[in-house]
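What follows is protein_25.csv (CSV, C-alpha atoms).
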```csv
chain,number,residue,atom,x,y,z
A,1,MET,CA,47.1,-56.8,82.6
A,2,ILE,CA,48.8,-58.9,85.2
A,3,ILE,CA,47.6,-62.3,86.2
A,4,SER,CA,49.3,-63.6,89.3
A,5,GLN,CA,49.2,-67.1,90.8
A,6,GLN,CA,51.7,-66.4,93.5
A,7,ALA,CA,52.4,-63.4,95.6
A,8,LYS,CA,54.6,-60.9,93.7
A,9,PRO,CA,57.9,-60.5,95.5
A,10,ASP,CA,58.1,-56.8,94.8
A,11,SER,CA,54.7,-56.1,96.5
A,12,GLN,CA,54.6,-54.7,99.9
A,13,ALA,CA,54.0,-57.2,102.7
A,14,ALA,CA,52.4,-56.1,105.9
A,15,ALA,CA,54.6,-56.6,108.9
A,16,GLY,CA,53.9,-59.7,110.9
A,17,THR,CA,51.5,-61.3,108.4
A,18,ALA,CA,51.8,-63.0,105.1
A,19,GLU,CA,49.3,-60.4,103.6
A,20,THR,CA,50.5,-58.9,100.4
A,21,LYS,CA,48.9,-55.7,99.3
A,22,VAL,CA,48.8,-55.2,95.6
A,23,VAL,CA,48.1,-51.7,94.4
A,24,VAL,CA,46.1,-51.7,91.1
A,25,GLY,CA,47.1,-48.3,89.6
A,26,LEU,CA,45.3,-46.2,87.0
A,27,GLU,CA,44.4,-48.2,83.9
A,28,GLU,CA,45.7,-51.5,85.4
A,29,ILE,CA,43.9,-54.8,85.7
A,30,TYR,CA,45.1,-57.4,88.2
A,31,VAL,CA,43.8,-60.9,88.8
A,32,SER,CA,45.0,-63.2,91.6
A,33,CYS,CA,44.2,-66.5,93.2
A,34,ASP,CA,46.8,-66.1,95.9
A,35,PRO,CA,45.0,-66.1,99.3
A,36,ASN,CA,47.5,-63.8,100.8
A,37,VAL,CA,46.9,-61.0,98.3
A,38,VAL,CA,44.8,-58.0,99.0
A,39,LEU,CA,44.0,-56.1,95.8
A,40,SER,CA,43.4,-52.4,96.1
A,41,CYS,CA,42.6,-49.3,94.1
A,42,LEU,CA,43.6,-46.3,96.1
A,43,GLY,CA,42.5,-42.7,96.0
A,44,LEU,CA,39.6,-43.1,93.6
A,45,GLY,CA,37.9,-39.9,92.6
A,46,SER,CA,36.1,-39.9,89.3
A,47,CYS,CA,37.8,-43.3,88.6
A,48,VAL,CA,35.8,-46.5,89.2
A,49,ALA,CA,37.3,-49.6,90.8
A,50,VAL,CA,35.7,-52.8,89.6
A,51,SER,CA,36.3,-55.8,91.8
A,52,ALA,CA,35.4,-59.3,90.7
A,53,TYR,CA,35.3,-62.4,92.9
A,54,ASP,CA,34.5,-66.0,92.5
A,55,ALA,CA,33.9,-67.4,96.0
A,56,VAL,CA,34.2,-71.0,94.9
A,57,ALA,CA,37.4,-70.8,93.0
A,58,ARG,CA,38.6,-68.0,95.3
A,59,VAL,CA,39.8,-65.9,92.4
A,60,GLY,CA,39.8,-62.2,92.8
A,61,GLY,CA,40.3,-59.4,90.2
A,62,MET,CA,40.3,-55.7,90.1
A,63,ALA,CA,40.3,-53.0,87.3
A,64,HIS,CA,41.0,-49.3,87.8
A,65,VAL,CA,38.8,-47.7,85.2
A,66,VAL,CA,39.7,-44.1,84.3
A,67,LEU,CA,37.4,-43.2,81.4
A,68,PRO,CA,34.1,-44.4,80.1
A,69,ASP,CA,34.7,-45.4,76.5
A,70,ASP,CA,37.5,-45.9,74.1
A,71,GLY,CA,35.4,-44.9,71.1
A,72,GLY,CA,36.6,-47.9,69.2
A,73,LYS,CA,40.3,-47.0,69.2
A,74,ASP,CA,43.2,-47.8,71.5
A,75,ARG,CA,41.8,-51.3,72.3
A,76,GLU,CA,45.3,-52.8,72.1
A,77,GLY,CA,47.1,-50.2,74.2
A,78,SER,CA,45.7,-50.3,77.7
A,79,PRO,CA,42.3,-52.0,77.9
A,80,GLY,CA,42.1,-51.2,81.6
A,81,LYS,CA,41.8,-47.4,80.9
A,82,TYR,CA,38.2,-47.7,79.7
A,83,ALA,CA,35.0,-49.2,81.1
A,84,ASN,CA,34.0,-50.8,77.9
A,85,THR,CA,37.3,-52.6,77.3
A,86,GLY,CA,38.5,-53.1,80.9
A,87,ILE,CA,35.6,-55.1,82.1
A,88,PRO,CA,35.7,-57.8,79.4
A,89,ARG,CA,39.4,-58.1,79.9
A,90,LEU,CA,39.0,-58.4,83.6
A,91,ILE,CA,36.6,-61.3,83.2
A,92,GLU,CA,38.8,-63.0,80.6
A,93,GLY,CA,41.7,-62.8,83.2
A,94,MET,CA,39.4,-64.2,85.9
A,95,LYS,CA,38.5,-67.1,83.7
A,96,GLU,CA,42.1,-67.8,82.8
A,97,ALA,CA,42.8,-68.0,86.6
A,98,GLY,CA,40.1,-70.6,87.0
A,99,ALA,CA,36.9,-68.5,87.8
A,100,LEU,CA,33.5,-69.3,86.3
A,101,LYS,CA,31.7,-66.3,84.8
A,102,SER,CA,28.4,-67.3,86.3
A,103,ARG,CA,29.9,-67.3,89.8
A,104,ILE,CA,31.6,-63.9,89.6
A,105,ALA,CA,30.2,-61.2,91.8
A,106,ILE,CA,31.1,-57.6,90.9
A,107,LYS,CA,31.4,-54.8,93.4
A,108,ILE,CA,32.3,-51.2,92.4
A,109,ALA,CA,33.4,-48.1,94.1
A,110,GLY,CA,34.3,-44.5,93.0
A,111,GLY,CA,32.7,-42.4,90.3
A,112,ALA,CA,32.6,-39.3,92.6
A,113,ARG,CA,32.2,-35.7,91.5
A,114,ILE,CA,35.1,-34.2,93.3
A,115,PHE,CA,34.7,-30.6,92.0
A,116,GLY,CA,31.6,-28.9,93.2
A,117,ASN,CA,31.6,-26.5,90.2
A,118,VAL,CA,31.1,-29.3,87.7
A,119,LYS,CA,27.4,-29.7,86.8
A,120,GLU,CA,26.0,-33.1,87.8
A,121,GLY,CA,25.6,-35.4,84.9
A,122,SER,CA,27.3,-33.1,82.5
A,123,LEU,CA,30.0,-34.0,80.0
A,124,LEU,CA,32.6,-32.8,82.5
A,125,ASP,CA,31.2,-35.1,85.2
A,126,ILE,CA,33.6,-37.9,84.4
A,127,GLY,CA,32.7,-39.8,87.6
A,128,PHE,CA,29.1,-39.9,86.5
A,129,ARG,CA,29.9,-41.0,83.0
A,130,ASN,CA,32.4,-43.6,84.3
A,131,LEU,CA,29.7,-45.1,86.5
A,132,ALA,CA,27.2,-45.2,83.7
A,133,ALA,CA,29.7,-46.9,81.4
A,134,VAL,CA,30.8,-49.4,84.0
A,135,LYS,CA,27.2,-50.4,84.7
A,136,GLN,CA,26.5,-50.7,81.0
A,137,ALA,CA,29.5,-52.9,80.5
A,138,ILE,CA,28.5,-55.0,83.5
A,139,SER,CA,25.1,-55.6,82.0
A,140,ASP,CA,26.4,-56.0,78.4
A,141,ASN,CA,28.7,-58.8,79.7
A,142,GLY,CA,25.9,-60.5,81.6
A,143,LEU,CA,27.6,-59.9,85.0
A,144,TYR,CA,26.1,-59.6,88.4
A,145,LEU,CA,26.6,-56.3,90.3
A,146,LYS,CA,26.4,-57.3,93.9
A,147,ASN,CA,27.1,-54.0,95.6
A,148,GLU,CA,28.5,-50.5,95.1
A,149,ASN,CA,29.7,-47.5,97.0
A,150,THR,CA,29.7,-44.8,94.4
A,151,GLY,CA,29.0,-41.1,93.6
A,152,GLY,CA,29.1,-38.4,96.2
A,153,SER,CA,32.0,-35.9,96.3
A,154,HIS,CA,34.7,-37.6,98.2
A,155,GLY,CA,37.7,-39.9,97.5
A,156,ARG,CA,37.7,-43.6,98.3
A,157,SER,CA,39.9,-46.7,98.2
A,158,LEU,CA,38.6,-50.2,97.5
A,159,LEU,CA,40.2,-53.3,98.9
A,160,LEU,CA,39.5,-57.0,98.0
A,161,TYR,CA,40.8,-59.8,100.2
A,162,VAL,CA,41.4,-62.7,97.8
A,163,SER,CA,41.2,-65.3,100.6
A,164,SER,CA,37.6,-64.4,101.7
A,165,GLY,CA,36.2,-62.0,99.1
A,166,LEU,CA,35.9,-59.4,101.9
A,167,THR,CA,35.5,-56.0,100.2
A,168,MET,CA,36.2,-52.8,102.1
A,169,VAL,CA,35.8,-49.2,101.1
A,170,THR,CA,37.8,-46.6,103.0
A,171,SER,CA,37.6,-42.8,102.7
A,172,ALA,CA,39.1,-39.7,104.3
A,173,VAL,CA,35.6,-38.5,105.4
A,174,LYS,CA,33.5,-41.7,105.9
A,175,GLY,CA,36.0,-44.1,107.5
A,176,LYS,CA,36.0,-47.8,106.6
A,177,ILE,CA,33.0,-49.9,105.6
A,178,GLU,CA,32.3,-53.3,104.1
A,179,ILE,CA,30.4,-53.5,100.9
B,1,MET,CA,67.4,-25.9,88.7
B,2,ILE,CA,65.9,-28.1,86.1
B,3,GLN,CA,66.0,-31.8,86.4
B,4,ASP,CA,65.1,-32.8,82.9
B,5,VAL,CA,64.3,-36.4,82.4
B,6,ALA,CA,62.1,-36.1,79.3
B,7,LYS,CA,61.8,-39.1,77.0
B,8,THR,CA,60.4,-37.5,73.9
B,9,ASP,CA,61.6,-36.0,70.6
B,10,ILE,CA,59.8,-32.7,71.3
B,11,ASP,CA,62.1,-29.7,71.7
B,12,LEU,CA,61.9,-29.5,75.5
B,13,GLY,CA,64.3,-26.6,75.6
B,14,ALA,CA,61.6,-24.3,74.2
B,15,TRP,CA,59.0,-25.7,76.5
B,16,GLU,CA,61.3,-25.5,79.5
B,17,GLU,CA,62.1,-21.9,78.9
B,18,LEU,CA,58.4,-21.1,78.6
B,19,MET,CA,57.6,-22.9,81.8
B,20,LYS,CA,60.4,-21.3,83.7
B,21,LYS,CA,59.0,-17.9,82.8
B,22,GLY,CA,55.5,-18.8,84.0
B,23,ILE,CA,56.8,-20.4,87.2
B,24,THR,CA,58.9,-17.4,88.1
B,25,ASN,CA,56.0,-15.1,87.7
B,26,ALA,CA,53.6,-17.4,89.6
B,27,ILE,CA,56.0,-17.7,92.5
B,28,SER,CA,56.5,-14.0,92.5
B,29,GLY,CA,52.7,-13.6,92.7
B,30,LEU,CA,52.5,-16.1,95.6
B,31,SER,CA,55.3,-14.4,97.4
B,32,GLN,CA,53.6,-11.0,97.2
B,33,MET,CA,50.5,-12.6,98.6
B,34,VAL,CA,52.0,-14.3,101.6
B,35,GLN,CA,54.5,-11.4,102.1
B,36,LYS,CA,57.5,-13.7,102.2
B,37,LYS,CA,60.4,-14.5,100.0
B,38,ILE,CA,59.9,-17.8,98.3
B,39,THR,CA,62.6,-20.1,97.0
B,40,VAL,CA,62.1,-22.6,94.2
B,41,ASP,CA,63.8,-25.8,95.4
B,42,SER,CA,63.3,-27.8,92.3
B,43,VAL,CA,61.5,-27.9,89.0
B,44,LEU,CA,60.8,-31.3,87.3
B,45,ILE,CA,59.7,-31.2,83.7
B,46,SER,CA,58.9,-34.7,82.6
B,47,ARG,CA,56.6,-37.0,80.7
B,48,ILE,CA,55.6,-39.8,82.9
B,49,PRO,CA,52.8,-42.4,83.4
B,50,ALA,CA,49.7,-41.0,85.2
B,51,LYS,CA,50.4,-43.2,88.2
B,52,GLU,CA,53.8,-41.6,88.8
B,53,VAL,CA,52.2,-38.1,88.7
B,54,ILE,CA,50.2,-39.1,91.8
B,55,ASP,CA,53.4,-40.5,93.4
B,56,LEU,CA,55.0,-37.0,93.2
B,57,VAL,CA,52.6,-35.8,95.9
B,58,GLY,CA,53.1,-38.9,98.1
B,59,GLY,CA,50.8,-41.5,96.6
B,60,PRO,CA,47.1,-41.8,95.9
B,61,GLU,CA,45.9,-42.0,99.5
B,62,THR,CA,47.9,-39.1,100.9
B,63,LEU,CA,45.6,-36.4,102.3
B,64,ILE,CA,46.3,-33.1,100.6
B,65,VAL,CA,44.8,-29.7,100.2
B,66,GLY,CA,44.5,-29.2,96.5
B,67,ILE,CA,43.9,-25.8,95.0
B,68,TYR,CA,42.9,-26.7,91.4
B,69,LEU,CA,42.1,-24.8,88.3
B,70,ASN,CA,42.1,-25.5,84.7
B,71,PHE,CA,42.6,-23.1,81.8
B,72,SER,CA,41.3,-22.9,78.3
B,73,GLY,CA,41.6,-20.6,75.3
B,74,ALA,CA,44.5,-21.0,72.8
B,75,ALA,CA,45.8,-23.9,75.0
B,76,ASN,CA,44.3,-26.2,77.6
B,77,GLY,CA,45.7,-27.6,80.8
B,78,HIS,CA,45.5,-28.0,84.5
B,79,LEU,CA,47.2,-26.2,87.4
B,80,MET,CA,47.3,-27.3,91.0
B,81,LEU,CA,48.8,-26.1,94.2
B,82,ALA,CA,49.2,-29.2,96.4
B,83,HIS,CA,50.0,-28.9,100.1
B,84,ARG,CA,50.0,-31.2,103.1
B,85,PRO,CA,47.2,-29.9,105.4
B,86,GLU,CA,49.6,-28.5,107.9
B,87,VAL,CA,51.4,-26.5,105.2
B,88,ALA,CA,48.1,-25.1,104.0
B,89,TYR,CA,47.3,-23.9,107.5
B,90,ALA,CA,50.8,-22.3,107.7
B,91,LEU,CA,50.2,-20.5,104.4
B,92,LEU,CA,46.8,-19.4,105.6
B,93,GLY,CA,48.4,-18.1,108.8
B,94,MET,CA,50.7,-15.9,106.6
B,95,ILE,CA,47.8,-14.6,104.5
B,96,LEU,CA,45.4,-14.0,107.3
B,97,GLY,CA,48.0,-12.9,109.9
B,98,GLU,CA,47.0,-15.7,112.3
B,99,GLU,CA,49.0,-18.3,114.2
B,100,PRO,CA,48.6,-21.7,112.4
B,101,VAL,CA,46.5,-24.2,114.4
B,102,LYS,CA,46.7,-27.9,113.6
B,103,ARG,CA,43.2,-29.2,112.9
B,104,ASN,CA,41.2,-31.1,110.3
B,105,ASP,CA,38.4,-28.7,109.3
B,106,ILE,CA,38.5,-25.5,107.3
B,107,SER,CA,36.2,-22.5,107.4
B,108,ASP,CA,34.6,-20.8,104.4
B,109,TYR,CA,36.8,-17.8,105.0
B,110,GLU,CA,39.9,-19.9,104.9
B,111,LEU,CA,38.6,-21.7,101.8
B,112,SER,CA,38.2,-18.4,100.0
B,113,ALA,CA,41.7,-17.3,101.0
B,114,LEU,CA,43.1,-20.6,99.6
B,115,SER,CA,41.0,-20.0,96.4
B,116,GLU,CA,42.6,-16.6,96.1
B,117,MET,CA,46.0,-18.2,96.4
B,118,GLY,CA,45.0,-20.3,93.4
B,119,ASN,CA,43.7,-17.3,91.5
B,120,ILE,CA,46.9,-15.3,92.1
B,121,THR,CA,49.4,-18.2,91.3
B,122,GLY,CA,47.4,-19.4,88.4
B,123,SER,CA,46.8,-16.0,86.7
B,124,PHE,CA,50.4,-14.9,87.3
B,125,PHE,CA,51.5,-18.1,85.6
B,126,LEU,CA,49.1,-17.9,82.7
B,127,ASN,CA,49.7,-14.1,82.1
B,128,ALA,CA,53.4,-14.8,81.7
B,129,ILE,CA,52.7,-17.6,79.2
B,130,ALA,CA,50.1,-15.7,77.3
B,131,ASP,CA,52.3,-12.6,77.0
B,132,THR,CA,55.2,-14.6,75.8
B,133,LEU,CA,53.2,-16.5,73.2
B,134,GLY,CA,50.9,-13.7,72.3
B,135,ILE,CA,47.8,-15.8,73.0
B,136,THR,CA,44.8,-15.6,75.3
B,137,LEU,CA,44.3,-18.1,78.2
B,138,TYR,CA,41.3,-18.2,80.5
B,139,PRO,CA,41.6,-19.7,84.0
B,140,SER,CA,38.6,-21.4,85.6
B,141,PRO,CA,37.6,-20.5,89.1
B,142,PRO,CA,39.7,-22.4,91.6
B,143,SER,CA,38.4,-25.4,93.5
B,144,VAL,CA,39.8,-26.1,97.0
B,145,ILE,CA,39.5,-29.7,98.1
B,146,ILE,CA,40.9,-31.6,101.1
B,147,ASP,CA,40.9,-35.3,100.1
B,148,MET,CA,43.1,-38.1,98.9
B,149,ALA,CA,45.6,-37.0,96.3
B,150,GLY,CA,44.5,-39.6,93.8
B,151,ALA,CA,40.9,-38.4,94.0
B,152,ILE,CA,41.8,-34.8,93.4
B,153,MET,CA,44.3,-35.4,90.6
B,154,GLY,CA,42.1,-38.0,88.9
B,155,ILE,CA,40.1,-35.5,87.0
B,156,ALA,CA,43.0,-33.8,85.4
B,157,LEU,CA,44.7,-37.1,84.7
B,158,ALA,CA,41.5,-38.6,83.2
B,159,GLU,CA,41.2,-35.7,80.8
B,160,ILE,CA,44.9,-35.9,79.7
B,161,LEU,CA,44.7,-39.7,79.3
B,162,GLN,CA,41.9,-39.2,76.8
B,163,GLU,CA,44.4,-38.0,74.3
B,164,SER,CA,47.7,-39.6,75.5
B,165,ASP,CA,49.1,-42.5,77.5
B,166,GLU,CA,51.6,-40.4,79.4
B,167,VAL,CA,51.3,-37.1,81.2
B,168,MET,CA,53.5,-34.1,80.7
B,169,VAL,CA,54.0,-32.7,84.2
B,170,VAL,CA,55.9,-29.6,85.4
B,171,ASP,CA,56.3,-30.0,89.1
B,172,THR,CA,57.7,-27.1,91.1
B,173,VAL,CA,58.6,-27.5,94.8
B,174,PHE,CA,59.0,-24.3,96.8
B,175,THR,CA,59.6,-23.1,100.4
B,176,THR,CA,59.4,-19.8,102.1
B,177,ASP,CA,62.8,-18.4,103.0
B,178,ASP,CA,62.2,-18.8,106.7
B,179,GLN,CA,61.4,-22.5,106.0
B,180,SER,CA,58.0,-22.2,107.7
B,181,ALA,CA,56.0,-23.4,104.7
B,182,GLY,CA,56.6,-25.2,101.5
B,183,GLY,CA,54.4,-26.7,98.8
B,184,ARG,CA,54.2,-27.6,95.2
B,185,PHE,CA,52.8,-26.0,92.1
B,186,MET,CA,52.0,-28.5,89.4
B,187,ILE,CA,51.2,-27.8,85.7
B,188,MET,CA,49.7,-30.6,83.6
B,189,PRO,CA,49.2,-29.3,80.1
B,190,ASN,CA,47.2,-31.0,77.5
B,191,GLU,CA,49.2,-32.2,74.6
B,192,SER,CA,48.1,-29.3,72.4
B,193,PHE,CA,49.8,-26.8,74.7
B,194,VAL,CA,53.1,-28.6,74.5
B,195,GLN,CA,52.8,-28.6,70.7
B,196,LEU,CA,51.9,-24.9,70.7
B,197,SER,CA,55.1,-24.0,72.6
B,198,GLN,CA,57.1,-25.5,69.7
B,199,HIS,CA,55.9,-22.8,67.3
B,200,TYR,CA,56.4,-19.7,69.5
B,201,ALA,CA,59.0,-20.1,72.1
B,202,ARG,CA,62.6,-19.0,71.4
```

Structure encoded using structure tokens:
Amino acid sequence: MIISQQAKPDSQAAAGTAETKVVVGLEEIYVSCDPNVVLSCLGLGSCVAVSAYDAVARVGGMAHVVLPDDGGKDREGSPGKYANTGIPRLIEGMKEAGALKSRIAIKIAGGARIFGNVKEGSLLDIGFRNLAAVKQAISDNGLYLKNENTGGSHGRSLLLYVSSGLTMVTSAVKGKIEI
Amino acid sequence: MIQDVAKTDIDLGAWEELMKKGITNAISGLSQMVQKKITVDSVLISRIPAKEVIDLVGGPETLIVGIYLNFSGAANGHLMLAHRPEVAYALLGMILGEEPVKRNDISDYELSALSEMGNITGSFFLNAIADTLGITLYPSPPSVIIDMAGAIMGIALAEILQESDEVMVVDTVFTTDDQSAGGRFMIMPNESFVQLSQHYAR
């Protein structure tokens, strides 16, 4: 879990602008109130990116969820790995950075079924299970799911601009869209 | 050539020996299929965070052609041939005897040729392992996918992360002798497979 107030010096700055792209890797959670930061989860397949944004406090956060449920163990290790532990931790981080829970809008992307030979909705369909668990955690935590770009069978990336709350999904097959 | 940067107390010598046997056989199968001599440039055997596994193929958004299969039986794990699209077309050219053309789509016929490449490489690898250990391993049918590397590898990584925080990866980079094509063959075993090698190998 990383909470950043300022741009991280080691992140990659786009040429000519002050924009700082922060890549939220597998199992990671990142919260920022730096308007130059663009949070991103890249190359999502079955993983689900959960973005959270408070438009008043201008605080943005993102979690890269890999699995649905920790089954009651491993809570200390990496909370961002699981939907049921990652989402409460993300919200905690948002609050620490000045966000109000009631103002937080959630957007999610990912949860695809990349391999055609996996039966839809089966135990092996991790994307489907991740999505179900993420939505369950959103509702359990009393959060507002504003939009989603999920399912299907292609990879995606999710970007959140902390300055404006602009949320974009890009994919190799469907180009770039705002959600 | 083994670049061993393992960080665990497991006897990686035994594991390394076993993997080398499998890789040698897999590359020999692939070489027979494309009718070219293939050189192994490097083999990396390492236990690394999941994020770094995706970095091996160029990062999560890199477009790759992934030929993926998993295996079950006495041990479980994931196998993948990962190529940049232009390399996949070059390999197809060798198999199908056609000149490679740079483009972004792929026909059913070509998909099935790439699947077969996964079948051959995967079963040659698994046969060598199974014979050495005296166990039975069952490969799944291969899936061929053109997409972001992160999306393709996510499934294998998710399954491994269910039982461990790091991923054992065996990453082989190869090129044909005439340098016309190269690619990588990745093995991502479940933890139980690594443990199994401790009892049998050597």

Write out as a tab-separated table a residue-level contact list of chain B versus chain A with cut-off 6 Å: for each qualifying residue the closest pair of atoms and the distance in Å to one decimal, counting all atoms listed in the file, rows sorted by chain and residue number upward.
```
residue	atom	partner	partner_atom	distance
B:Pro60	CA	A:Gly43	CA	4.7
B:Glu61	CA	A:Gly43	CA	4.9
B:Met148	CA	A:Gly43	CA	5.5
B:Gly150	CA	A:Gly43	CA	4.3
B:Ala151	CA	A:Gly45	CA	3.6
B:Gly154	CA	A:Gly45	CA	5.9
B:Ala158	CA	A:Val66	CA	5.9
```

Would you write out those residues with C-alpha atoms, as a PDB file, in the frame of the given file?
```
ATOM      1  CA  PRO B  60      47.100 -41.800  95.900  1.00  0.00           C
ATOM      2  CA  GLU B  61      45.900 -42.000  99.500  1.00  0.00           C
ATOM      3  CA  MET B 148      43.100 -38.100  98.900  1.00  0.00           C
ATOM      4  CA  GLY B 150      44.500 -39.600  93.800  1.00  0.00           C
ATOM      5  CA  ALA B 151      40.900 -38.400  94.000  1.00  0.00           C
ATOM      6  CA  GLY B 154      42.100 -38.000  88.900  1.00  0.00           C
ATOM      7  CA  ALA B 158      41.500 -38.600  83.200  1.00  0.00           C
TER       8      ALA B 158
END
```

(Q) Using only C-alpha atoms, which protein or nucleic acid residues come within 10 Å of Met168 of chain A? Drop anything in the same chain fewer than 3 positions from it, and give the result as a list in words. (A)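 Returned residues: Ser40, Ala109, Asn149, Ser157, Leu158, Leu159, Leu160, Tyr161, Gly165, Lys176, Ile177, Glu178 and Ile179 of chain A.
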
Write out as a PDB file with C-alpha atoms, in the frame of the given file the residues lying within 8 Å of Ser72 of chain B, counting all atoms listed in the file and excluding same-chain residues fewer than 4 positions away.
```pdb
ATOM      1  CA  ASN B  76      44.300 -26.200  77.600  1.00  0.00           C
ATOM      2  CA  GLY B  77      45.700 -27.600  80.800  1.00  0.00           C
ATOM      3  CA  LEU B 137      44.300 -18.100  78.200  1.00  0.00           C
ATOM      4  CA  TYR B 138      41.300 -18.200  80.500  1.00  0.00           C
ATOM      5  CA  PRO B 139      41.600 -19.700  84.000  1.00  0.00           C
ATOM      6  CA  SER B 140      38.600 -21.400  85.600  1.00  0.00           C
TER       7      SER B 140
END
```

If we count only C-alpha atoms and set the cut-off at 12 Å, which residues sit around Gly60 of chain A, ignoring sequence neighbours fewer than 4 positions away in its own chain? Please answer as a CSV table (one decimal) with C-alpha atoms, keeping the file's coordinate frame.
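What follows is the written file result_31.csv:
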```csv
chain,number,residue,atom,x,y,z
A,3,ILE,CA,47.6,-62.3,86.2
A,4,SER,CA,49.3,-63.6,89.3
A,5,GLN,CA,49.2,-67.1,90.8
A,22,VAL,CA,48.8,-55.2,95.6
A,29,ILE,CA,43.9,-54.8,85.7
A,30,TYR,CA,45.1,-57.4,88.2
A,31,VAL,CA,43.8,-60.9,88.8
A,32,SER,CA,45.0,-63.2,91.6
A,33,CYS,CA,44.2,-66.5,93.2
A,34,ASP,CA,46.8,-66.1,95.9
A,35,PRO,CA,45.0,-66.1,99.3
A,36,ASN,CA,47.5,-63.8,100.8
A,37,VAL,CA,46.9,-61.0,98.3
A,38,VAL,CA,44.8,-58.0,99.0
A,39,LEU,CA,44.0,-56.1,95.8
A,40,SER,CA,43.4,-52.4,96.1
A,50,VAL,CA,35.7,-52.8,89.6
A,51,SER,CA,36.3,-55.8,91.8
A,52,ALA,CA,35.4,-59.3,90.7
A,53,TYR,CA,35.3,-62.4,92.9
A,54,ASP,CA,34.5,-66.0,92.5
A,55,ALA,CA,33.9,-67.4,96.0
A,56,VAL,CA,34.2,-71.0,94.9
A,90,LEU,CA,39.0,-58.4,83.6
A,91,ILE,CA,36.6,-61.3,83.2
A,93,GLY,CA,41.7,-62.8,83.2
A,94,MET,CA,39.4,-64.2,85.9
A,95,LYS,CA,38.5,-67.1,83.7
A,96,GLU,CA,42.1,-67.8,82.8
A,97,ALA,CA,42.8,-68.0,86.6
A,98,GLY,CA,40.1,-70.6,87.0
A,99,ALA,CA,36.9,-68.5,87.8
A,100,LEU,CA,33.5,-69.3,86.3
A,103,ARG,CA,29.9,-67.3,89.8
A,104,ILE,CA,31.6,-63.9,89.6
A,105,ALA,CA,30.2,-61.2,91.8
A,106,ILE,CA,31.1,-57.6,90.9
A,107,LYS,CA,31.4,-54.8,93.4
A,159,LEU,CA,40.2,-53.3,98.9
A,160,LEU,CA,39.5,-57.0,98.0
A,161,TYR,CA,40.8,-59.8,100.2
A,162,VAL,CA,41.4,-62.7,97.8
A,163,SER,CA,41.2,-65.3,100.6
A,164,SER,CA,37.6,-64.4,101.7
A,165,GLY,CA,36.2,-62.0,99.1
A,166,LEU,CA,35.9,-59.4,101.9
A,167,THR,CA,35.5,-56.0,100.2
```

Q. If you measure from atom CA of Phe174 of chain B to atom CA of Pro141 of chain B, what distance in Å do you get, rounded to one decimal?
A. 23.1 Å

(Q) Please report the interatomic distance between atom CA of Glu148 of chain A and atom CA of Gly80 of chain A in Å with one decimal. (A) 19.2 Å

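Every protein, DNA or RNA residue with an atom at most 7 Å from Val65 of chain B, where all atoms listed in the file count and chain neighbours fewer than 6 positions away do not, is listed here: Ala82, His83, Arg84, Pro85, Ala88, Val144, Ile145, Ile146 and Asp147 of chain B.
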